[in-house]
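These notes concern the structure reproduced below.
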Amino acid sequence: MRSLVIGGLLAGTFLFAALLSFVWTPFDVTELDIAARLQKSSMEHWFGTDHFGRDLFSMIMVGARISLAVALVAVGIGMGLGVPLGLLAASRSGSLLDELIMRSNDLIFAFPSLLIAILITAVFGPSALNAIIAIGIFNIPVFARLTRGGALSLWTRDFILAARVAGKGPLRISVEHILPNITNLLIVQGTIQFSLGILAEAGLSYVGLGAQPPTPSWGRMLAESQTMISFAPHLALYPGIAIILTVLGLNLMGDGLRDITDPRIRRTGR
Amino acid sequence: MLRYALKRLVSLLGALAVASVVVFAAIEVIPGDPAAYMLGLNAAPETVAALRAELGLDAGPIARYINWVTGMLQGDFGISYTYRTPVSEMVGDRLWISLPLALYALALSTIIAFPVGIWAASKRGTSVDIGIMGFTQLGVAIPNFWFAMILVVIFAINLRWFSAGGFPGWGGGLFPGLKALTLPAIALALPQASILSRVMRSALVDMLDQDFMRTARAKGLTQGQALRRHALRNAMIPVLTILGLQFSFLLAGAIIIENVFFLPGLGRLIFQAIAQRDLIVVESVVMILVFAVILVTFLVDLAYAAVDPRLRVH
């Protein structure tokens with residue numbers, strides 16, 4: 001419970017910062033002020049300024065938008081496609097369709113998300129949208145497997161048998177009885193994939209495969225800071241800490257949610 | 001055991017075949033003519049046609065796919081569009097940076113995670129356990145390339161123990177090469193070690209309540225001894241699964257980390273190739289990486305059977 005609150009506060013802070021940045025930031029991130037470049041933290045510029053004199057705190061607020069948006073949509077893609085596939089596979093467990101779905105999942109799993117992103121970028125060029133697609137594709141097998149596993153263990157239960165006796169077909173049972181019972185699992189995994197998505201997005205934009213300039217993103221801020229790291233380490237420090245705190249917050253939230261929803265863990269205090 | 005291994009081998013070959021089709025098809029849909037791209041805007045149509053014939057681009061997609069695959073099986077990955085040199089030569093040296101880097105990081109991650117995970121599990125619920133778990137929670141959240149930059153600031157720029165980047169080559173002996181890969185390997189290993197020690201701990205904790213553990217304690221073993229002698233082998237299945245997955249993450253991570261340390265590995269090659277639209281290089285490097293990942297999955301499957309005799313029967 002405590003980790004859920006702490007995690008929620010951490011992640012919530014960055015979500016709030018991202019939303020707030022649409023209406024207010026301490027400084028305009030598109031405004032260059034060369035005279036004030038590479039300043040350390042001060043009362044005026046809380047996190048200092050970059051090589052163009054832009055306010056780092058404001059850039060991190062704006063950068064939160066792209067990180068959170070990319071990861072959130074990618075989780076949406078993974079759930080939107082993975083969950084129906086997993087339900088379908090479980091309802092026809094052992095059939096050719098089940099085998100086909102699960103084997104294609106294994107195949108996607110064999111490509112690390114970075115390789116998928118590289119392929120997509122090679123074909124369509126780098127952009128935030130392509131980063132979303134790459135991370136989203138990688139999320140599909142995660143949710144498909146989880147859904148299938150959770151659904152399979154439910155299909156043998158008596159209340160499902162009752163539903164079948166009542167004349168419900170596999171589709172209705174999946175939607176009306178299986179899905180509500182695995183929602184907890186999905187939410188916990190969704191939180192974890194959300195945090196992994198933020199790390200993946202940061203990595204992709206660091207190597208130039210994510211959001212393109214002038215959209216600020218945490219990964220690209222780190223990439224730009226690299227040549228100045230010997231004399232302006234604060235440029236690398238703050239975006240990195242922003243990533244860590246967001247990911248940490250989401251992971252703590254995931255742990256907290258799991259503790260609440262899984263009575264087995266709650267009882268033994270693991 | 002042999003039947004199990006053969007079955008896994010068949011699925012390995014199947015996965016490779018499908019993966020090669022996917023990679024080929026992805027590159028295939030890209031518009032534009034590589035031959036025209038190589039020769040520039042002012043090339044005469046006849047020259048472009050001649051180069052297309054030379055590169056084998058005139059054939060249909062199926063013939064080209066077969067060409068590509070049979071070439072790869074013989075170690076021929078085609079000719080780079082930009083540099084006009086064989087891709088196999090370009091990949092050769094670079095593979096020997098990315099692969100050792102990933103393996104070095106995997107070794108570090110394992111060496112750190114096993115004792116830490118076992119320690120935390122044997123002290124379950126104490127402040128040691130909580131402290132370790134808090135620390136690993138942080139480790140999981142750190143992006144490895146950022147950690148790499150911080151390592152450079154501390155150990156290369158301030159302390160000057162390591163160079164900030166570059167690679168001396170394996171020609172000067174094992175030690176200078178390993179030294180150049182040490183900071184990158186640490187950066188890659190830390191988040192993975194955090195994940196692995198968490199998995200190790202929870203797999204062992206699941207064993208703690210088993211009857212055989214109570215028996216082991218009853219005959220006078222300490223918690224730690226009982227864990228190492230009896231629970232460890234039983235906990236290996238989830239740990240091996242994660243180890244296998246980690247290798248693919250580490251290999252992908254290696255190609256990002258190479259950018260931090262200016263290591264001339266596969267990562268530098270592939271990002272250059274993307275920028276120059278040198279698609280045959282992209283295609284080949286991706287295929288090599290996928291091959292490595294699928295091969296490791298296969299080895300992990302074999303390792304399952306080694307630690308769990310029940311699997312050999314089914």
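Residue numbering restarts at 1 for every chain of the structure tokens, chains are lettered A, B, ... in their displayed order, and ligands are numbered from 1 as they appear.
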Within 12 Å of region 158-164 of chain A, counting only C-alpha atoms, which residues show up once you throw out same-chain ones fewer than 2 positions away? Write them as a short mmCIF file (atom, residue, chain, number, x, y, z; two decimals) with C-alpha atoms, in the first residue's frame, please.
data_model
loop_
_atom_site.label_atom_id
_atom_site.label_comp_id
_atom_site.auth_asym_id
_atom_site.auth_seq_id
_atom_site.Cartn_x
_atom_site.Cartn_y
_atom_site.Cartn_z
CA SER A 91 -10.78 -20.05 -25.89
CA ALA A 151 -7.60 -17.11 -19.19
CA LEU A 152 -6.49 -20.76 -19.42
CA SER A 153 -6.50 -21.12 -15.65
CA LEU A 154 -10.05 -19.70 -15.55
CA TRP A 155 -11.49 -21.86 -18.32
CA THR A 156 -11.38 -24.93 -16.07
CA ALA A 166 -26.30 -21.63 -19.80
CA GLY A 167 -25.53 -21.58 -23.52
CA LYS A 168 -22.97 -18.80 -23.78
CA GLY A 169 -20.47 -19.09 -26.62
CA PRO A 170 -16.67 -18.78 -26.23
CA LEU A 171 -16.72 -15.13 -27.31
CA ARG A 172 -19.33 -14.07 -24.75
CA ILE A 173 -17.64 -16.07 -21.99
CA SER A 174 -14.29 -14.47 -22.84
CA VAL A 175 -15.67 -10.96 -22.73
CA GLU A 176 -18.20 -11.30 -19.89
CA HIS A 177 -16.46 -13.71 -17.51
CA ILE A 178 -12.76 -14.13 -18.35
CA LEU A 179 -11.84 -10.52 -19.03
CA ASN A 181 -11.32 -11.67 -13.82
#
Run DSSP on the backbone and tell me which residues of region 18-112 of chain B come out as helix (DSSP H, G or I); list them as a PyMOL selection string. chain B and resi 18-28+34-39+45-55+61-73+87-112
Distance limit 6 Å, atoms considered: only C-alpha atoms. Which chain A residues sit that close to chain B? Return them as a PyMOL selection string. chain A and resi 122-123+244+247-248
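Neighbours of Gly82 (chain A) closer than or equal to 6 Å, with only C-alpha atoms counted and sequence neighbours fewer than 5 positions away skipped, come out as Ile140, Phe143 and Ala144 of chain A.
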Would you export the selected residues with N, CA, C and O atoms as a CSV table (one decimal), in the first residue's frame, please?
chain,number,residue,atom,x,y,z
A,140,ILE,N,2.7,-6.4,-27.7
A,140,ILE,CA,1.6,-7.3,-28.0
A,140,ILE,C,1.9,-8.7,-27.4
A,140,ILE,O,1.0,-9.2,-26.7
A,143,PHE,N,1.2,-9.0,-23.6
A,143,PHE,CA,-0.1,-9.1,-23.1
A,143,PHE,C,-0.8,-10.3,-23.6
A,143,PHE,O,-1.7,-10.9,-22.9
A,144,ALA,N,-0.5,-10.7,-24.8
A,144,ALA,CA,-1.1,-12.0,-25.4
A,144,ALA,C,-0.8,-13.1,-24.5
A,144,ALA,O,-1.7,-13.9,-24.1
Proximity to Tyr304 (chain B) - best of B:Leu240, B:Met213, B:Leu221, B:Leu108, only C-alpha atoms: B:Leu240
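If you count only C-alpha atoms and ignore residues fewer than 3 places along the chain from Leu190 (chain B), what sits within 8 Å of it is Ser109, Gly139, Asn144, Ile186, Ala187, Ala193 and Ser194 of chain B.
Among the candidates B:Leu263, B:Leu188, B:Ile66, B:Val307, the one nearest to Asn234 (chain B) when counting only C-alpha atoms is B:Val307.
For the pair CA of Gln193 (chain A) and CA of Val75 (chain A), the separation is 6.5 Å.
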I'd like the contact shell of Asn251 (chain A) - 12 Å cut-off, only C-alpha atoms, skipping same-chain residues fewer than 5 positions apart - returned as JSON, numbers by chain. {"A": [3, 4, 5, 6, 7, 8, 10, 11, 188, 189, 190, 191, 192, 193, 194, 195, 196, 197, 198, 199, 244, 245, 246, 256, 257, 258], "B": [134, 136, 137, 138, 139, 140, 141, 142]}
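For the residues B:Val239, B:Ala59, B:Leu302, B:Val87, ranking by smallest atom-to-atom distance to Met72 (chain B) using only C-alpha atoms places B:Val87 first.
Among the candidate residues A:Thr147, A:Thr49, A:Thr25, A:Ser205, the one lying nearest to Met102 (chain A) is A:Thr147, with distances computed using only C-alpha atoms.
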At a cut-off of 8 Å, using only C-alpha atoms, what residues contact region 27-42 of chain A? Leave out same-chain residues fewer than 3 positions from it and give the result as JSON, numbers by chain. {"A": [45, 46, 47, 48, 49, 50, 51, 52, 53, 54, 55, 58, 59, 232, 234]}
How would the residues just chosen look if you wrote them out with N, CA, C and O atoms as a PDB file, in the first residue's frame?
ATOM      1  N   HIS A  45      16.968  29.903 -12.801  1.00  0.00           N
ATOM      2  CA  HIS A  45      16.895  28.652 -13.570  1.00  0.00           C
ATOM      3  C   HIS A  45      17.163  27.498 -12.620  1.00  0.00           C
ATOM      4  O   HIS A  45      18.316  27.219 -12.295  1.00  0.00           O
ATOM      5  N   TRP A  46      16.085  26.806 -12.173  1.00  0.00           N
ATOM      6  CA  TRP A  46      16.225  25.804 -11.109  1.00  0.00           C
ATOM      7  C   TRP A  46      17.216  24.698 -11.466  1.00  0.00           C
ATOM      8  O   TRP A  46      17.996  24.260 -10.642  1.00  0.00           O
ATOM      9  N   PHE A  47      17.160  24.232 -12.705  1.00  0.00           N
ATOM     10  CA  PHE A  47      18.062  23.147 -13.129  1.00  0.00           C
ATOM     11  C   PHE A  47      19.171  23.686 -14.038  1.00  0.00           C
ATOM     12  O   PHE A  47      19.872  22.923 -14.679  1.00  0.00           O
ATOM     13  N   GLY A  48      19.330  25.019 -14.136  1.00  0.00           N
ATOM     14  CA  GLY A  48      20.343  25.591 -15.017  1.00  0.00           C
ATOM     15  C   GLY A  48      19.824  25.738 -16.438  1.00  0.00           C
ATOM     16  O   GLY A  48      18.636  25.548 -16.713  1.00  0.00           O
ATOM     17  N   THR A  49      20.766  26.065 -17.359  1.00  0.00           N
ATOM     18  CA  THR A  49      20.378  26.249 -18.758  1.00  0.00           C
ATOM     19  C   THR A  49      21.277  25.424 -19.665  1.00  0.00           C
ATOM     20  O   THR A  49      22.354  24.985 -19.272  1.00  0.00           O
ATOM     21  N   ASP A  50      20.822  25.182 -20.893  1.00  0.00           N
ATOM     22  CA  ASP A  50      21.616  24.371 -21.833  1.00  0.00           C
ATOM     23  C   ASP A  50      22.487  25.274 -22.706  1.00  0.00           C
ATOM     24  O   ASP A  50      22.609  26.474 -22.456  1.00  0.00           O
ATOM     25  N   HIS A  51      23.098  24.691 -23.750  1.00  0.00           N
ATOM     26  CA  HIS A  51      24.052  25.435 -24.568  1.00  0.00           C
ATOM     27  C   HIS A  51      23.407  26.530 -25.412  1.00  0.00           C
ATOM     28  O   HIS A  51      24.090  27.341 -26.005  1.00  0.00           O
ATOM     29  N   PHE A  52      22.079  26.533 -25.498  1.00  0.00           N
ATOM     30  CA  PHE A  52      21.397  27.632 -26.181  1.00  0.00           C
ATOM     31  C   PHE A  52      20.761  28.599 -25.180  1.00  0.00           C
ATOM     32  O   PHE A  52      20.003  29.481 -25.557  1.00  0.00           O
ATOM     33  N   GLY A  53      21.015  28.378 -23.886  1.00  0.00           N
ATOM     34  CA  GLY A  53      20.428  29.236 -22.871  1.00  0.00           C
ATOM     35  C   GLY A  53      18.981  28.904 -22.561  1.00  0.00           C
ATOM     36  O   GLY A  53      18.287  29.685 -21.919  1.00  0.00           O
ATOM     37  N   ARG A  54      18.511  27.728 -23.030  1.00  0.00           N
ATOM     38  CA  ARG A  54      17.127  27.344 -22.710  1.00  0.00           C
ATOM     39  C   ARG A  54      17.068  26.810 -21.282  1.00  0.00           C
ATOM     40  O   ARG A  54      18.010  26.177 -20.800  1.00  0.00           O
ATOM     41  N   ASP A  55      15.927  27.061 -20.620  1.00  0.00           N
ATOM     42  CA  ASP A  55      15.760  26.656 -19.229  1.00  0.00           C
ATOM     43  C   ASP A  55      15.535  25.144 -19.145  1.00  0.00           C
ATOM     44  O   ASP A  55      14.581  24.612 -19.723  1.00  0.00           O
ATOM     45  N   SER A  58      12.161  23.787 -17.636  1.00  0.00           N
ATOM     46  CA  SER A  58      11.039  23.870 -18.580  1.00  0.00           C
ATOM     47  C   SER A  58      11.138  22.771 -19.635  1.00  0.00           C
ATOM     48  O   SER A  58      10.129  22.168 -20.017  1.00  0.00           O
ATOM     49  N   MET A  59      12.376  22.512 -20.108  1.00  0.00           N
ATOM     50  CA  MET A  59      12.545  21.485 -21.139  1.00  0.00           C
ATOM     51  C   MET A  59      12.161  20.112 -20.608  1.00  0.00           C
ATOM     52  O   MET A  59      11.590  19.292 -21.334  1.00  0.00           O
ATOM     53  N   ALA A 232      29.701  20.501 -18.412  1.00  0.00           N
ATOM     54  CA  ALA A 232      28.334  20.821 -17.991  1.00  0.00           C
ATOM     55  C   ALA A 232      27.566  19.544 -17.660  1.00  0.00           C
ATOM     56  O   ALA A 232      26.590  19.213 -18.317  1.00  0.00           O
ATOM     57  N   HIS A 234      25.499  18.883 -15.476  1.00  0.00           N
ATOM     58  CA  HIS A 234      24.101  19.036 -15.051  1.00  0.00           C
ATOM     59  C   HIS A 234      23.133  18.802 -16.202  1.00  0.00           C
ATOM     60  O   HIS A 234      21.994  18.407 -15.993  1.00  0.00           O
TER      61      HIS A 234
END
Residue among A:Asn105, A:Leu115, A:Ala69, A:Ile133 lying closest to Ile288 (chain B), counting only C-alpha atoms: A:Leu115
Quick one: residues within 9 Å of Ala180 (chain B), only C-alpha atoms counted, chain neighbours fewer than 3 positions away excluded, as a JSON list (two decimals) with N, CA and C atoms, in the first residue's frame?
[["chain", "number", "residue", "atom", "x", "y", "z"],
["B", 162, "PHE", "N", 39.90, 5.11, -16.48],
["B", 162, "PHE", "CA", 39.61, 4.49, -17.77],
["B", 162, "PHE", "C", 39.60, 5.59, -18.83],
["B", 163, "SER", "N", 39.75, 5.20, -20.10],
["B", 163, "SER", "CA", 39.57, 6.20, -21.14],
["B", 163, "SER", "C", 38.08, 6.38, -21.39],
["B", 164, "ALA", "N", 37.71, 7.56, -21.88],
["B", 164, "ALA", "CA", 36.29, 7.89, -22.01],
["B", 164, "ALA", "C", 35.65, 7.20, -23.20],
["B", 165, "GLY", "N", 36.45, 6.58, -24.05],
["B", 165, "GLY", "CA", 35.84, 5.90, -25.18],
["B", 165, "GLY", "C", 36.90, 5.37, -26.13],
["B", 166, "GLY", "N", 36.44, 4.81, -27.24],
["B", 166, "GLY", "CA", 37.36, 4.24, -28.22],
["B", 166, "GLY", "C", 37.71, 2.81, -27.87],
["B", 167, "PHE", "N", 38.32, 2.12, -28.84],
["B", 167, "PHE", "CA", 38.67, 0.72, -28.63],
["B", 167, "PHE", "C", 40.03, 0.44, -29.25],
["B", 168, "PRO", "N", 40.99, -0.12, -28.46],
["B", 168, "PRO", "CA", 42.34, -0.33, -28.98],
["B", 168, "PRO", "C", 42.44, -1.53, -29.92],
["B", 175, "PHE", "N", 43.99, -7.83, -22.36],
["B", 175, "PHE", "CA", 43.74, -6.90, -21.27],
["B", 175, "PHE", "C", 43.32, -5.50, -21.72],
["B", 176, "PRO", "N", 44.06, -4.85, -22.65],
["B", 176, "PRO", "CA", 43.62, -3.51, -23.08],
["B", 176, "PRO", "C", 42.21, -3.53, -23.67],
["B", 177, "GLY", "N", 41.88, -4.58, -24.41],
["B", 177, "GLY", "CA", 40.54, -4.70, -24.98],
["B", 177, "GLY", "C", 39.49, -4.79, -23.90],
["B", 183, "LEU", "N", 33.91, -0.25, -18.54],
["B", 183, "LEU", "CA", 32.86, 0.72, -18.18],
["B", 183, "LEU", "C", 31.56, 0.44, -18.93],
["B", 184, "PRO", "N", 31.62, 0.22, -20.26],
["B", 184, "PRO", "CA", 30.37, -0.11, -20.95],
["B", 184, "PRO", "C", 29.69, -1.35, -20.38],
["B", 261, "PHE", "N", 30.36, 5.34, -25.75],
["B", 261, "PHE", "CA", 31.81, 5.13, -25.62],
["B", 261, "PHE", "C", 32.54, 5.16, -26.96],
["B", 263, "LEU", "N", 32.49, 3.15, -29.38],
["B", 263, "LEU", "CA", 33.04, 1.84, -29.71],
["B", 263, "LEU", "C", 32.63, 1.49, -31.13]]
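As for CA of Ile132 (chain A) and CA of Glu201 (chain A), they are spaced 8.0 Å apart.
The space separating CA of Ile242 (chain B) from CA of Val142 (chain A) comes to 14.1 Å.
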